[in-house]
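For reference, target27.csv (CSV, C-alpha atoms and all ligand atoms):
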chain,number,residue,atom,x,y,z
A,1,MET,CA,136.9,60.9,34.9
A,2,PRO,CA,135.0,63.3,32.7
A,3,LEU,CA,132.1,65.1,34.5
A,4,ILE,CA,129.5,63.3,32.5
A,5,ASP,CA,130.8,59.9,33.5
A,6,ASN,CA,130.9,61.1,37.2
A,7,LEU,CA,127.3,62.2,36.8
A,8,LEU,CA,126.3,58.9,35.4
A,9,THR,CA,127.9,57.1,38.3
A,10,LEU,CA,126.0,59.3,40.7
A,11,TYR,CA,122.8,58.9,38.7
A,12,LYS,CA,123.0,55.1,38.9
A,13,VAL,CA,123.8,54.9,42.6
A,14,ASP,CA,121.2,57.6,43.4
A,15,ARG,CA,118.5,55.5,41.6
A,16,GLN,CA,119.6,52.4,43.6
A,17,VAL,CA,119.3,54.4,46.9
A,18,ARG,CA,115.9,55.7,45.9
A,19,SER,CA,114.5,52.3,44.8
A,20,LEU,CA,115.8,50.8,48.1
A,21,ARG,CA,114.2,53.5,50.1
A,22,SER,CA,110.9,53.2,48.2
A,23,ARG,CA,110.6,49.7,49.6
A,24,VAL,CA,110.5,51.1,53.1
A,25,GLU,CA,108.5,54.2,52.1
A,26,SER,CA,105.5,52.1,51.0
A,27,ALA,CA,105.5,50.3,54.4
A,28,GLN,CA,105.8,53.7,56.1
A,29,ILE,CA,102.9,55.1,54.1
A,30,TYR,CA,100.8,52.1,54.9
A,31,LEU,CA,101.5,52.4,58.6
A,32,ASN,CA,100.7,56.1,58.5
A,33,VAL,CA,97.3,55.3,57.0
A,34,GLN,CA,96.6,52.8,59.8
A,35,ASN,CA,97.6,55.3,62.4
A,36,ARG,CA,95.4,57.9,60.9
A,37,LEU,CA,92.4,55.5,60.8
A,38,MET,CA,93.1,54.6,64.5
A,39,THR,CA,93.0,58.3,65.4
A,40,GLU,CA,89.7,58.8,63.4
A,41,ILE,CA,88.1,55.8,65.3
A,42,GLY,CA,89.4,57.3,68.6
A,43,VAL,CA,87.7,60.6,67.8
A,44,GLU,CA,84.5,58.8,66.9
A,45,GLN,CA,84.7,56.9,70.2
A,46,ALA,CA,85.2,60.0,72.3
A,47,GLU,CA,82.3,61.7,70.6
A,48,SER,CA,79.9,58.8,71.2
A,49,ASN,CA,81.1,58.6,74.9
A,50,LEU,CA,80.4,62.3,75.3
A,51,LYS,CA,76.9,61.9,73.8
A,52,ARG,CA,76.2,58.9,76.0
A,53,LYS,CA,77.3,60.9,79.1
A,54,GLN,CA,74.9,63.7,78.2
A,55,HIS,CA,71.9,61.3,77.7
A,56,LYS,CA,72.8,59.6,81.0
A,57,ALA,CA,72.8,63.0,82.7
A,58,ASN,CA,69.4,63.8,81.2
A,59,ILE,CA,68.0,60.5,82.5
A,60,SER,CA,69.3,61.3,86.0
A,61,ASN,CA,67.6,64.8,85.8
A,62,ILE,CA,64.3,63.3,84.7
A,63,GLU,CA,64.4,60.8,87.5
A,64,THR,CA,64.9,63.6,90.0
A,65,GLU,CA,61.9,65.4,88.5
A,66,ILE,CA,59.8,62.2,88.7
A,67,GLY,CA,60.8,61.7,92.3
A,68,ALA,CA,59.6,65.2,93.1
A,69,VAL,CA,56.3,64.6,91.3
A,70,ASP,CA,55.9,61.3,93.3
A,71,VAL,CA,56.4,63.1,96.6
A,72,ARG,CA,53.8,65.7,95.5
A,73,ILE,CA,51.3,62.9,94.5
A,74,GLU,CA,51.8,61.2,97.8
A,75,HIS,CA,51.1,64.5,99.6
A,76,LEU,CA,48.0,65.1,97.5
A,77,ARG,CA,46.7,61.6,98.3
A,78,GLU,CA,46.9,62.4,102.0
A,79,GLU,CA,45.2,65.7,101.5
A,80,LEU,CA,42.4,64.0,99.4
A,81,ASN,CA,41.8,61.6,102.3
A,82,GLN,CA,41.4,64.5,104.7
A,83,ALA,CA,39.3,66.8,102.3
A,84,ILE,CA,36.6,68.4,104.3
A,85,ASN,CA,34.2,69.3,101.5
A,86,ASP,CA,33.5,68.5,97.8
A,87,LYS,CA,34.9,71.7,96.5
A,88,GLN,CA,38.3,71.1,98.2
A,89,TYR,CA,38.2,67.4,97.0
A,90,SER,CA,37.5,68.4,93.4
A,91,ALA,CA,40.3,71.0,93.4
A,92,LEU,CA,42.8,68.4,94.8
A,93,LEU,CA,41.7,65.8,92.3
A,94,ALA,CA,42.2,68.2,89.4
A,95,GLU,CA,45.7,69.0,90.6
A,96,MET,CA,46.4,65.3,91.0
A,97,ASN,CA,45.3,64.7,87.4
A,98,THR,CA,47.4,67.5,86.0
A,99,ILE,CA,50.4,66.3,87.9
A,100,LYS,CA,49.9,62.8,86.6
A,101,VAL,CA,50.0,64.1,83.0
A,102,HIS,CA,53.3,65.8,83.9
A,103,ARG,CA,54.6,62.5,85.2
A,104,LYS,CA,53.7,60.7,82.0
A,105,ALA,CA,55.5,63.4,80.0
A,106,PHE,CA,58.6,62.9,82.0
A,107,GLU,CA,58.3,59.1,81.6
A,108,ASP,CA,58.0,59.5,77.8
A,109,GLU,CA,61.1,61.7,77.8
A,110,GLU,CA,63.0,59.2,79.8
A,111,LEU,CA,62.2,56.4,77.4
A,112,ILE,CA,63.5,58.5,74.5
A,113,GLU,CA,66.7,59.2,76.4
A,114,MET,CA,67.1,55.5,77.3
A,115,SER,CA,66.7,54.4,73.7
A,116,ALA,CA,69.3,56.9,72.7
A,117,VAL,CA,71.7,55.4,75.3
A,118,GLU,CA,70.9,51.9,73.9
A,119,ASP,CA,71.7,53.1,70.4
A,120,LEU,CA,75.0,54.6,71.6
A,121,ASP,CA,75.9,51.4,73.4
A,122,ALA,CA,75.5,49.5,70.2
A,123,ASN,CA,77.5,52.1,68.4
A,124,LEU,CA,80.3,52.0,71.0
A,125,ALA,CA,80.5,48.2,70.9
A,126,ASP,CA,80.9,48.5,67.1
A,127,ILE,CA,83.6,51.1,67.6
A,128,SER,CA,85.5,49.0,70.1
A,129,GLN,CA,85.5,46.1,67.7
A,130,ARG,CA,86.7,48.2,64.8
A,131,LEU,CA,89.4,49.7,67.0
A,132,GLU,CA,90.5,46.3,68.1
A,133,GLU,CA,90.8,45.1,64.5
A,134,ARG,CA,92.6,48.2,63.4
A,135,GLU,CA,95.0,47.9,66.2
A,136,LYS,CA,95.9,44.4,65.0
A,137,VAL,CA,96.5,45.7,61.5
A,138,THR,CA,98.6,48.6,62.8
A,139,LYS,CA,100.8,46.3,64.8
A,140,VAL,CA,101.4,44.1,61.8
A,141,ALA,CA,102.2,47.2,59.7
A,142,SER,CA,104.6,48.5,62.3
A,143,LYS,CA,106.4,45.2,62.5
A,144,GLU,CA,106.6,45.0,58.7
A,145,LEU,CA,108.1,48.5,58.6
A,146,LYS,CA,110.8,47.5,61.1
A,147,VAL,CA,111.6,44.3,59.1
A,148,ARG,CA,111.9,46.2,55.9
A,149,GLU,CA,114.1,48.8,57.5
A,150,ALA,CA,116.4,46.1,58.9
A,151,GLU,CA,116.5,44.4,55.6
A,152,ILE,CA,117.8,47.4,53.7
A,153,ALA,CA,119.8,49.0,56.5
A,154,GLU,CA,123.2,47.4,55.6
A,155,GLN,CA,122.8,47.8,51.8
A,156,LEU,CA,121.5,51.3,52.2
A,157,ALA,CA,124.4,52.3,54.3
A,158,GLU,CA,126.8,50.9,51.6
A,159,LEU,CA,125.0,52.7,48.8
A,160,GLU,CA,124.8,56.0,50.8
A,161,THR,CA,128.6,55.8,51.2
A,162,GLU,CA,129.0,55.1,47.5
A,163,ARG,CA,126.6,57.9,46.7
A,164,GLU,CA,128.6,60.3,48.8
A,165,ALA,CA,131.8,59.4,47.1
A,166,ALA,CA,130.2,59.8,43.7
A,167,ALA,CA,128.8,63.2,44.7
A,168,ALA,CA,132.1,64.4,46.1
A,169,VAL,CA,133.8,64.6,42.7
A,170,ILE,CA,131.0,66.7,41.1
A,171,PRO,CA,131.2,70.6,41.3
A,172,GLU,CA,128.7,72.0,43.7
A,173,SER,CA,126.6,74.0,41.3
A,174,VAL,CA,126.2,70.9,39.0
A,175,LEU,CA,125.5,68.8,42.0
A,176,ASP,CA,122.7,71.2,43.1
A,177,GLU,CA,121.1,71.0,39.7
A,178,PHE,CA,121.4,67.2,39.7
A,179,GLU,CA,119.8,66.9,43.2
A,180,SER,CA,116.9,69.2,42.3
A,181,LEU,CA,116.3,67.3,39.1
A,182,ALA,CA,116.5,64.0,40.9
A,183,ASP,CA,113.9,65.2,43.4
A,184,ASP,CA,111.6,66.6,40.8
A,185,TYR,CA,111.8,63.5,38.6
A,186,ASP,CA,111.9,60.8,41.3
A,187,GLY,CA,115.5,59.9,40.5
A,188,GLU,CA,115.1,60.2,36.7
A,189,SER,CA,117.5,63.1,36.6
A,190,MET,CA,119.4,62.1,33.5
A,191,ALA,CA,118.2,60.9,30.0
A,192,ALA,CA,120.0,59.1,27.3
A,193,VAL,CA,120.1,60.5,23.8
A,194,GLU,CA,118.3,58.4,21.2
A,195,ILE,CA,119.4,58.4,17.6
A,196,ILE,CA,116.3,58.7,15.4
A,197,ASP,CA,118.1,59.1,12.1
A,198,LEU,CA,121.8,59.2,12.0
A,199,LYS,CA,122.1,60.4,8.4
A,200,ARG,CA,119.7,63.2,8.9
A,201,ARG,CA,121.2,63.9,12.3
A,202,GLU,CA,118.0,63.6,14.2
A,203,TYR,CA,118.2,62.9,17.9
A,204,SER,CA,115.7,62.9,20.7
A,205,CYS,CA,115.6,62.7,24.5
A,206,THR,CA,114.6,59.2,25.7
A,207,SER,CA,112.7,60.6,28.7
A,208,CYS,CA,110.4,63.1,27.1
A,209,SER,CA,110.8,61.9,23.5
A,210,LEU,CA,111.2,65.4,22.2
A,211,ARG,CA,113.7,66.3,19.4
A,212,LEU,CA,117.1,67.6,20.5
A,213,PRO,CA,118.8,70.4,18.6
A,214,LEU,CA,122.0,69.4,16.9
A,215,ASP,CA,123.8,72.0,19.1
A,216,SER,CA,123.2,69.9,22.1
A,217,ILE,CA,124.7,66.8,20.5
A,218,THR,CA,127.7,68.7,19.3
A,219,SER,CA,128.4,70.2,22.7
A,220,MET,CA,128.2,66.7,24.3
A,221,LEU,CA,130.6,65.3,21.8
A,222,GLY,CA,132.9,68.2,22.0
A,223,ASN,CA,133.3,68.4,25.7
A,224,LYS,CA,132.7,65.6,28.1
A,225,ASP,CA,133.1,68.0,31.0
A,226,ALA,CA,130.1,70.0,29.8
A,227,HIS,CA,126.7,69.0,31.0
A,228,VAL,CA,124.0,69.5,28.4
A,229,LYS,CA,120.4,69.5,29.4
A,230,CYS,CA,117.3,68.5,27.4
A,231,VAL,CA,115.8,71.7,26.0
A,232,SER,CA,112.4,70.4,26.9
A,233,CYS,CA,112.4,68.4,30.1
A,234,ASP,CA,115.7,69.8,31.5
A,235,ARG,CA,117.2,66.4,32.3
A,236,ILE,CA,120.9,66.1,32.0
A,237,LEU,CA,121.7,64.3,28.7
A,238,PHE,CA,124.2,61.6,28.2
A,239,LEU,CA,125.3,59.5,25.2
A,240,GLU,CA,125.5,55.7,25.6
A,241,ALA,CA,128.8,54.4,24.5
A,242,GLU,CA,127.3,52.8,21.3
A,243,SER,CA,125.5,56.0,20.4
A,244,ARG,CA,128.7,58.0,20.8
A,245,GLU,CA,130.4,55.4,18.7
A,246,ALA,CA,127.7,55.6,16.0
A,247,ILE,CA,127.6,59.4,15.9
A,248,ALA,CA,131.4,60.0,16.1
A,249,PRO,CA,133.4,56.9,15.5
A,250,ALA,CA,136.6,58.7,15.1
A,251,ASP,CA,136.2,60.2,18.6
A,252,THR,CA,136.3,57.0,20.5
B,1,ZN,ZN,113.8,65.5,27.6

If you convert what's in this file into structure tokens, what do you get?
Amino acid sequence: MPLIDNLLTLYKVDRQVRSLRSRVESAQIYLNVQNRLMTEIGVEQAESNLKRKQHKANISNIETEIGAVDVRIEHLREELNQAINDKQYSALLAEMNTIKVHRKAFEDEELIEMSAVEDLDANLADISQRLEEREKVTKVASKELKVREAEIAEQLAELETEREAAAAVIPESVLDEFESLADDYDGESMAAVEIIDLKRREYSCTSCSLRLPLDSITSMLGNKDAHVKCVSCDRILFLEAESREAIAPADT
């Protein structure tokens, strides 16, 4: 078979392989998104847990401080009871009042810390719920991917074999060009020639719609083993049977 026909065979099977794979790819992309969201929620959860731990540690420190203050207050009370004169009594009372102000400040601080813990608890409950919901979605997505993979497995294996056979008969340098075009253009590596005006010999590339020089058409008609590329988009050009017939009836 002429090279251009071999290329067309490869082009067709390559597109089938790509379209089949794309069915699985969308499911894979969806699953990846779910996994990423799960990770993000996990990070958020870890951050909130760490903050909660810090506030809890602050509360515990404040309670230790308050405990020490209470011991001092108790001690001052005993001293007040045993005060021997007014001067001593007034000094002890002044100290007592100062220390009570400190105690109040610790209590206020503790309330702020406790309210922060409450907020974080609410936040953590919300995170847990979101995590649970996302987990469900991820499980469904993962199952869907497996189903789709199983669905196409057999057909894909057949097409891959067909594709290999089609590629095997194409010279390596041409095959390399084909593969890189197919990757660049998502499978659209080849383009048919469109006849715009037969009498005026005007032709264009169906992919990029740009005018093709007559040279390109002449080369294609002259040698079916030559591969001619679109001067503009670089795709490998081919002539549909009816176009070939219309342009050069004697040739077919
Ligand atoms: Zn083109």

Extract, using all atoms listed in the file, all DNA, RNA and protein residues at most 12 Å from range 6-11 of chain A, discarding same-chain residues fewer than 5 positions from it, and format them as a PyMOL selection string.
chain A and resi 1+16-18+159-171+174-179+181-183+185-192+224-228+235-240

Hey, what's within 12 Å of Ile195 in chain A if we count only C-alpha atoms and toss same-chain stuff fewer than 5 positions away? As JSON, numbers by chain, please?
{"A": [200, 201, 202, 203, 204, 205, 206, 209, 210, 211, 212, 214, 217, 239, 240, 242, 243, 244, 245, 246, 247]}

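For the set A:Val117, A:Ala141, A:Leu76, A:Cys208, the residue with the smallest atom-to-atom gap to ligand ZN 1 (chain B) is A:Cys208, counting all atoms listed in the file.
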
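With distances restricted to only C-alpha atoms and all ligand atoms, A:Glu194 is the closest residue to ligand ZN 1 (chain B) from A:Glu118, A:Glu109, A:Glu79, A:Glu194.
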
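Straight-line separation from CA of Arg134 in chain A to CA of Lys56 in chain A: 28.8 Å.
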
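Counting only C-alpha atoms, Asp119 in chain A has the following residues at most 12 Å away, ignoring those fewer than 4 positions along the same chain: Ser48, Asn49, Lys51, Arg52, His55, Ile112, Glu113, Met114, Ser115, Asn123, Leu124, Ala125 and Asp126 of chain A.
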
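With all atoms listed in the file as the basis for measurement, A:Cys230 is the residue among A:Ala248, A:Ala94, A:Leu3, A:Cys230 that approaches ligand ZN 1 (chain B) most closely.
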
Ile73 in chain A surroundings by all atoms listed in the file, 9 Å radius, close-in-sequence under 5 positions cut, as a VMD selection string: chain A and resid 68 78 96 99 to 100

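Note that the spacing between CA of Pro249 in chain A and CA of Asn223 in chain A amounts to 15.4 Å.
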
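Minimum atom-to-atom distance to Glu44 in chain A, evaluated using only C-alpha atoms, belongs to A:Ser128 out of A:Gln88, A:Ser128, A:Ser207, A:Ser216.
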
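Between Ile4 in chain A and the candidates A:Val43, A:Val71, A:Val147, A:Leu221, the tightest atom-to-atom separation, counting only C-alpha atoms, involves A:Leu221.
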